[in-house]
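Visitor: Below is data_37.cif; it holds mmCIF, C-alpha atoms.
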data_start
loop_
_atom_site.label_atom_id
_atom_site.label_comp_id
_atom_site.auth_asym_id
_atom_site.auth_seq_id
_atom_site.Cartn_x
_atom_site.Cartn_y
_atom_site.Cartn_z
CA MET A 1 -3.23 18.71 0.00
CA SER A 2 -1.03 16.62 -2.25
CA GLY A 3 -2.41 14.07 -4.65
CA HIS A 4 -0.92 11.26 -2.61
CA SER A 5 -2.61 12.60 0.51
CA LYS A 6 -5.98 12.49 -1.22
CA TRP A 7 -5.37 8.99 -2.54
CA ALA A 8 -4.19 7.76 0.86
CA THR A 9 -7.28 9.26 2.48
CA ILE A 10 -9.52 7.44 0.05
CA LYS A 11 -7.76 4.12 0.67
CA ARG A 12 -8.15 4.55 4.44
CA LYS A 13 -11.86 5.36 4.06
CA LYS A 14 -12.29 2.26 1.88
CA GLY A 15 -10.56 0.11 4.48
CA ALA A 16 -13.66 -0.76 6.51
CA PRO A 17 -15.79 -2.19 3.67
CA ASP A 18 -12.73 -3.83 2.14
CA ALA A 19 -12.07 -5.63 5.41
CA LYS A 20 -15.37 -7.48 5.00
CA ARG A 21 -14.02 -9.28 1.98
CA GLY A 22 -12.66 -12.72 2.79
CA LYS A 23 -9.94 -12.31 0.18
CA LEU A 24 -8.34 -9.49 2.20
CA PHE A 25 -7.16 -12.03 4.79
CA ALA A 26 -5.60 -14.16 2.08
CA LYS A 27 -3.74 -11.18 0.65
CA LEU A 28 -2.38 -10.06 4.01
CA VAL A 29 -1.31 -13.59 4.91
CA ARG A 30 0.44 -13.88 1.55
CA VAL A 31 2.52 -10.78 2.34
CA VAL A 32 3.48 -12.24 5.72
CA GLU A 33 4.61 -15.46 4.06
CA VAL A 34 6.70 -13.68 1.43
CA ALA A 35 8.31 -11.40 4.03
CA ALA A 36 9.25 -14.42 6.15
CA ARG A 37 10.71 -16.20 3.12
CA GLN A 38 12.82 -13.20 2.14
CA GLY A 39 14.05 -12.06 5.54
CA GLY A 40 13.47 -14.83 8.08
CA GLY A 41 10.73 -15.58 10.56
CA ASN A 42 11.80 -13.24 13.39
CA PRO A 43 9.99 -9.88 13.18
CA ASP A 44 12.55 -8.32 15.53
CA SER A 45 15.22 -8.68 12.86
CA ASN A 46 12.92 -8.51 9.82
CA PRO A 47 11.19 -5.10 9.59
CA ALA A 48 9.19 -6.13 6.52
CA LEU A 49 7.76 -9.08 8.42
CA ALA A 50 7.00 -6.90 11.45
CA THR A 51 5.08 -4.48 9.23
CA ALA A 52 3.20 -7.30 7.49
CA ILE A 53 2.22 -8.82 10.84
CA ASP A 54 1.02 -5.44 12.14
CA LYS A 55 -1.17 -4.90 9.08
CA ALA A 56 -2.61 -8.41 9.34
CA ARG A 57 -3.39 -7.98 13.02
CA ALA A 58 -4.97 -4.56 12.37
CA ALA A 59 -7.33 -6.28 9.92
CA SER A 60 -8.17 -8.94 12.57
CA VAL A 61 -6.45 -11.81 10.77
CA PRO A 62 -6.38 -14.73 13.27
CA ILE A 63 -2.98 -15.19 14.90
CA ASP A 64 -2.98 -18.88 13.89
CA ASN A 65 -3.19 -17.85 10.24
CA ILE A 66 -0.29 -15.46 10.68
CA GLU A 67 1.87 -18.05 12.43
CA ARG A 68 1.18 -20.66 9.75
CA ALA A 69 2.12 -18.14 7.07
CA ILE A 70 5.45 -17.48 8.81
CA LYS A 71 6.15 -21.21 8.99
CA ARG A 72 5.37 -21.62 5.29
CA GLY A 73 7.69 -18.75 4.53
CA THR A 74 10.56 -20.20 6.54
CA GLY A 75 10.01 -23.69 5.13
CA GLU A 76 8.85 -25.29 8.39
CA VAL A 77 5.68 -26.38 6.62
CA GLU A 78 5.04 -26.89 2.91
CA GLY A 79 3.75 -23.96 0.89
CA VAL A 80 3.77 -22.45 -2.59
CA THR A 81 6.36 -19.96 -3.83
CA TYR A 82 5.01 -16.56 -4.72
CA GLU A 83 6.65 -14.33 -7.30
CA GLU A 84 6.51 -10.54 -7.09
CA MET A 85 5.65 -8.80 -10.36
CA TRP A 86 4.85 -5.23 -11.35
CA TYR A 87 2.45 -4.09 -14.07
CA GLU A 88 2.41 -0.57 -15.45
CA GLY A 89 -0.29 1.26 -17.30
CA TYR A 90 -2.57 4.24 -17.67
CA GLY A 91 -6.06 4.85 -16.39
CA PRO A 92 -8.88 7.20 -17.42
CA GLY A 93 -7.61 10.76 -17.58
CA GLY A 94 -4.12 9.63 -18.52
CA VAL A 95 -2.89 9.00 -14.97
CA ALA A 96 -0.25 6.37 -14.24
CA LEU A 97 -1.05 3.08 -12.48
CA TYR A 98 1.67 0.94 -10.90
CA VAL A 99 0.33 -2.46 -9.85
CA GLN A 100 2.07 -4.82 -7.41
CA VAL A 101 1.31 -8.53 -7.79
CA LEU A 102 2.25 -11.56 -5.71
CA THR A 103 1.38 -14.75 -7.56
CA GLU A 104 2.21 -18.42 -7.96
CA ASN A 105 0.84 -18.34 -11.52
CA ARG A 106 2.44 -15.71 -13.75
CA ASN A 107 0.20 -16.44 -16.76
CA ARG A 108 -3.02 -16.14 -14.76
CA ALA A 109 -1.92 -12.89 -13.16
CA ALA A 110 -0.93 -11.34 -16.49
CA SER A 111 -4.22 -12.32 -18.12
CA GLU A 112 -6.37 -10.99 -15.27
CA VAL A 113 -4.52 -7.68 -14.94
CA ARG A 114 -4.65 -7.09 -18.71
CA SER A 115 -8.37 -7.86 -18.77
CA ALA A 116 -9.04 -5.47 -15.87
CA PHE A 117 -7.31 -2.61 -17.67
CA THR A 118 -9.13 -3.32 -20.92
CA ARG A 119 -12.60 -3.67 -19.39
CA SER A 120 -12.28 -0.54 -17.25
CA GLY A 121 -11.03 1.97 -19.78
CA GLY A 122 -7.31 1.73 -19.08
CA ASN A 123 -4.28 0.75 -21.11
CA LEU A 124 -1.58 -1.67 -19.99
CA GLY A 125 1.87 -0.24 -20.72
CA GLU A 126 5.32 -1.64 -21.36
CA PRO A 127 7.77 -2.32 -18.48
CA GLY A 128 9.37 0.96 -17.48
CA SER A 129 6.58 3.12 -18.89
CA VAL A 130 5.46 4.49 -15.50
CA ALA A 131 7.81 3.01 -12.88
CA TYR A 132 10.08 6.06 -13.06
CA MET A 133 7.17 8.24 -11.89
CA PHE A 134 7.19 6.60 -8.45
CA GLU A 135 9.69 6.16 -5.63
CA GLN A 136 9.68 3.74 -2.72
CA LYS A 137 9.26 5.44 0.64
CA ALA A 138 8.40 4.72 4.25
CA TRP A 139 4.96 6.22 4.83
CA LEU A 140 3.30 6.61 8.23
CA VAL A 141 0.11 8.29 9.38
CA ALA A 142 0.33 9.78 12.88
CA GLU A 143 -2.17 11.51 15.15
CA GLY A 144 -1.40 14.10 17.78
CA ASP A 145 0.35 17.41 18.31
CA GLU A 146 2.02 18.69 15.13
CA GLU A 147 5.16 19.99 16.84
CA ARG A 148 5.69 16.78 18.81
CA ILE A 149 5.21 14.66 15.69
CA THR A 150 7.51 16.84 13.61
CA LEU A 151 10.34 16.91 16.15
CA ALA A 152 10.16 13.17 16.85
CA ALA A 153 9.96 12.33 13.14
CA LEU A 154 12.95 14.47 12.21
CA ASP A 155 14.96 13.09 15.14
CA ALA A 156 14.23 9.62 13.71
CA GLU A 157 15.56 10.73 10.29
CA ALA A 158 12.21 11.24 8.56
CA GLU A 159 12.37 13.36 5.42
CA ASP A 160 9.03 15.17 5.58
CA VAL A 161 5.92 15.71 7.70
CA ARG A 162 2.73 16.98 6.06
CA PRO A 163 -0.91 17.46 7.14
CA SER A 164 -3.36 14.77 6.02
CA GLY A 165 -6.98 14.92 7.13
CA ASP A 166 -7.10 14.83 10.92
CA GLY A 167 -3.49 13.65 11.21
CA PHE A 168 -0.10 13.90 9.59
CA GLU A 169 1.81 11.93 6.99
CA VAL A 170 5.42 11.17 7.84
CA ILE A 171 7.70 10.31 4.91
CA GLY A 172 11.17 8.76 5.02
CA ALA A 173 13.60 6.33 3.46
CA PRO A 174 12.23 2.76 3.18
CA GLY A 175 14.85 1.35 5.55
CA HIS A 176 13.89 3.85 8.25
CA LEU A 177 10.25 2.76 8.63
CA ASP A 178 10.66 0.89 11.90
CA GLN A 179 13.06 3.52 13.25
CA ILE A 180 10.59 6.34 12.56
CA ARG A 181 7.68 4.41 14.04
CA ARG A 182 9.61 3.70 17.23
CA GLY A 183 10.67 7.34 17.44
CA LEU A 184 7.08 8.55 17.22
CA GLU A 185 5.71 5.99 19.67
CA ALA A 186 8.49 6.79 22.14
CA VAL A 187 7.05 10.28 22.67
CA GLY A 188 3.46 9.09 22.91
CA VAL A 189 2.39 9.69 19.31
CA LYS A 190 -0.27 7.33 17.98
CA VAL A 191 0.80 5.75 14.68
CA GLU A 192 -2.35 4.87 12.75
CA SER A 193 -0.56 3.06 9.93
CA ALA A 194 2.99 2.41 8.76
CA GLU A 195 4.20 0.79 5.57
CA VAL A 196 6.69 0.91 2.75
CA THR A 197 4.85 2.20 -0.29
CA GLN A 198 5.28 3.78 -3.70
CA LEU A 199 4.78 7.56 -3.79
CA ALA A 200 4.25 9.52 -6.98
CA LYS A 201 6.97 12.06 -7.74
CA ILE A 202 4.54 14.39 -9.51
CA ASP A 203 0.75 14.43 -9.15
CA VAL A 204 -1.53 14.62 -12.18
CA PRO A 205 -4.89 16.42 -11.74
CA VAL A 206 -7.94 14.31 -12.58
CA SER A 207 -11.24 15.92 -13.57
CA GLU A 208 -14.55 14.85 -12.06
CA ALA A 209 -15.45 13.30 -15.42
CA PHE A 210 -12.65 10.76 -15.07
CA ALA A 211 -12.43 10.36 -11.25
CA GLY A 212 -15.24 7.81 -10.96
CA LYS A 213 -13.94 5.75 -13.87
CA LEU A 214 -10.47 5.74 -12.37
CA LEU A 215 -11.73 4.54 -8.99
CA ARG A 216 -13.67 1.74 -10.67
CA LEU A 217 -10.53 0.60 -12.49
CA VAL A 218 -8.53 0.62 -9.25
CA GLU A 219 -11.26 -1.35 -7.46
CA THR A 220 -11.39 -3.88 -10.30
CA LEU A 221 -7.64 -4.41 -10.02
CA GLU A 222 -7.71 -4.60 -6.21
CA ASP A 223 -10.42 -7.27 -6.41
CA LEU A 224 -8.01 -9.62 -8.17
CA ASP A 225 -6.59 -12.26 -5.83
CA ASP A 226 -3.01 -11.74 -7.01
CA VAL A 227 -2.98 -7.93 -6.77
CA GLN A 228 -1.49 -6.61 -3.55
CA ALA A 229 -1.52 -2.87 -4.19
CA VAL A 230 -2.35 -0.29 -6.84
CA TYR A 231 -0.45 3.01 -6.86
CA THR A 232 -1.34 6.08 -8.88
CA ASN A 233 -0.17 9.64 -9.41
CA ALA A 234 -3.78 10.87 -9.59
CA ASP A 235 -4.63 14.16 -7.86
CA LEU A 236 -8.33 13.56 -7.33
CA PRO A 237 -10.90 16.38 -7.01
CA GLU A 238 -12.21 17.32 -3.57
CA SER A 239 -15.68 16.18 -4.61
CA THR A 240 -14.40 12.60 -4.79
CA LEU A 241 -13.43 12.68 -1.12
CA ALA A 242 -16.82 14.16 -0.21
CA GLU A 243 -18.66 11.33 -1.97
CA ILE A 244 -16.64 8.65 -0.18
CA SER A 245 -16.84 10.29 3.26
#
Transcribe the structure of this file into structure tokens.

Guide:
Amino acid sequence: MSGHSKWATIKRKKGAPDAKRGKLFAKLVRVVEVAARQGGGNPDSNPALATAIDKARAASVPIDNIERAIKRGTGEVEGVTYEEMWYEGYGPGGVALYVQVLTENRNRAASEVRSAFTRSGGNLGEPGSVAYMFEQKAWLVAEGDEERITLAALDAEAEDVRPSGDGFEVIGAPGHLDQIRRGLEAVGVKVESAEVTQLAKIDVPVSEAFAGKLLRLVETLEDLDDVQAVYTNADLPESTLAEIS
């Protein structure tokens, strides 16, 4: 199992308790608003917005909240302007961390991210220090028959299909996310999740001694209101998955 597969599995397992946090709604709504601002308020012609809406609905964000976020994004109602920023650094064990931020206050975001790294045993790096270790990809998790998933995914121009837990990861070009999802659903495949994400090019093994510290750093970062996602090239030990299961 690849490092990304392990990390993705952990994030899915963490999804249920994370969903209890009120701030999760705010983060998902913020992504909807930004997607609408960048590509328009029609999800049929804005794949990023369609994906953001799907994720918000999956987390039970009220439809009224989603609709208001779209209107703020398109300028129909007044709202703040969020800026996307990326922070790069290293965590315990020397693994790379690539942190996506959406904020209306650059100074606050920078201060909080720096503090999180410092307090949790990490080191904030210079721009460009780890970005080259990741690449943007469409990433889907599908359940069902392996052959059916593989054939449908490849027909939809996916690049790779790999086992992941009880299902399969489907990887493709970022612009093909919606196309791949439709291709899978057209043959009756259940798509558990679909998003554009950052995948590590090379995984770095992490020992048990550093795994817990790394997870605490990631959780500290994810708790920040402005942080949308934390990506890592960590290949975590099997024992970490067993503890979270």

Visitor: Counting all atoms listed in the file, which of A:Thr197, A:Ser120, A:Thr103, A:Asn65 gets nearest to A:Val80?

Guide: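 Between A:Thr197, A:Ser120, A:Thr103, A:Asn65, the residue approaching A:Val80 most closely is A:Thr103.
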
Visitor: Run the PyMOL selection byres ((chain A and resi 144) around 8) on the file and write out the hits as a PyMOL selection string.

Guide: chain A and resi 142-143+145-146+148-149+167+189-190

Visitor: Using all atoms listed in the file, which protein or nucleic acid residues come within 12 Å of A:Glu78? Drop anything in the same chain fewer than 5 positions from it, and give the result as a PyMOL selection string.

Guide: chain A and resi 33+68-73

Visitor: If you measure from atom CA of A:Leu28 to atom CA of A:Ala116, what distance in Å do you get, rounded to one decimal?

Guide: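 Interatomic distance here is 21.5 Å.
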
Visitor: Report, in Å to a single decimal, how far apart atom CA of A:Lys213 and atom CA of A:Ala234 are.

Guide: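 Atom-to-atom, atom CA of A:Ala234 to atom CA of A:Lys213, that is 12.2 Å.
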
Visitor: In Å, with one decimal, what is the gap from atom CA of A:Val34 to atom CA of A:Arg57?

Guide: 16.4 Å

Visitor: Rebuild N, CA and C atoms on stretch 174-196 of chain A, as a tab-separated table (two decimals), keeping the file's coordinate frame?

Guide:
chain	number	residue	atom	x	y	z
A	174	PRO	N	12.86	4.05	2.89
A	174	PRO	CA	12.23	2.76	3.18
A	174	PRO	C	12.85	2.03	4.36
A	175	GLY	N	14.17	2.07	4.47
A	175	GLY	CA	14.85	1.35	5.55
A	175	GLY	C	14.68	1.97	6.91
A	176	HIS	N	14.07	3.15	6.98
A	176	HIS	CA	13.89	3.85	8.25
A	176	HIS	C	12.48	3.71	8.81
A	177	LEU	N	11.64	2.88	8.19
A	177	LEU	CA	10.25	2.76	8.63
A	177	LEU	C	10.14	2.41	10.10
A	178	ASP	N	10.77	1.34	10.51
A	178	ASP	CA	10.66	0.89	11.90
A	178	ASP	C	11.28	1.91	12.85
A	179	GLN	N	12.38	2.51	12.44
A	179	GLN	CA	13.06	3.52	13.25
A	179	GLN	C	12.17	4.73	13.48
A	180	ILE	N	11.49	5.19	12.44
A	180	ILE	CA	10.59	6.34	12.56
A	180	ILE	C	9.39	5.99	13.43
A	181	ARG	N	8.83	4.82	13.24
A	181	ARG	CA	7.68	4.41	14.04
A	181	ARG	C	8.05	4.36	15.52
A	182	ARG	N	9.19	3.77	15.83
A	182	ARG	CA	9.61	3.70	17.23
A	182	ARG	C	9.85	5.09	17.80
A	183	GLY	N	10.42	5.98	16.98
A	183	GLY	CA	10.67	7.34	17.44
A	183	GLY	C	9.39	8.09	17.78
A	184	LEU	N	8.36	7.90	16.96
A	184	LEU	CA	7.08	8.55	17.22
A	184	LEU	C	6.40	7.96	18.45
A	185	GLU	N	6.38	6.64	18.54
A	185	GLU	CA	5.71	5.99	19.67
A	185	GLU	C	6.42	6.27	20.99
A	186	ALA	N	7.72	6.52	20.93
A	186	ALA	CA	8.49	6.79	22.14
A	186	ALA	C	8.07	8.08	22.83
A	187	VAL	N	7.50	9.02	22.07
A	187	VAL	CA	7.05	10.28	22.67
A	187	VAL	C	5.53	10.33	22.79
A	188	GLY	N	4.89	9.18	22.70
A	188	GLY	CA	3.46	9.09	22.91
A	188	GLY	C	2.60	9.40	21.72
A	189	VAL	N	3.17	9.42	20.52
A	189	VAL	CA	2.39	9.69	19.31
A	189	VAL	C	1.73	8.40	18.84
A	190	LYS	N	0.45	8.49	18.51
A	190	LYS	CA	-0.27	7.33	17.98
A	190	LYS	C	0.01	7.19	16.49
A	191	VAL	N	0.54	6.04	16.09
A	191	VAL	CA	0.80	5.75	14.68
A	191	VAL	C	-0.37	4.92	14.15
A	192	GLU	N	-1.17	5.54	13.28
A	192	GLU	CA	-2.35	4.87	12.75
A	192	GLU	C	-2.00	3.79	11.74
A	193	SER	N	-1.00	4.05	10.91
A	193	SER	CA	-0.56	3.06	9.93
A	193	SER	C	0.89	3.34	9.57
A	194	ALA	N	1.58	2.29	9.14
A	194	ALA	CA	2.99	2.41	8.76
A	194	ALA	C	3.30	1.34	7.74
A	195	GLU	N	3.87	1.75	6.61
A	195	GLU	CA	4.20	0.79	5.57
A	195	GLU	C	5.22	1.37	4.61
A	196	VAL	N	5.84	0.49	3.86
A	196	VAL	CA	6.69	0.91	2.75
A	196	VAL	C	5.81	0.92	1.52
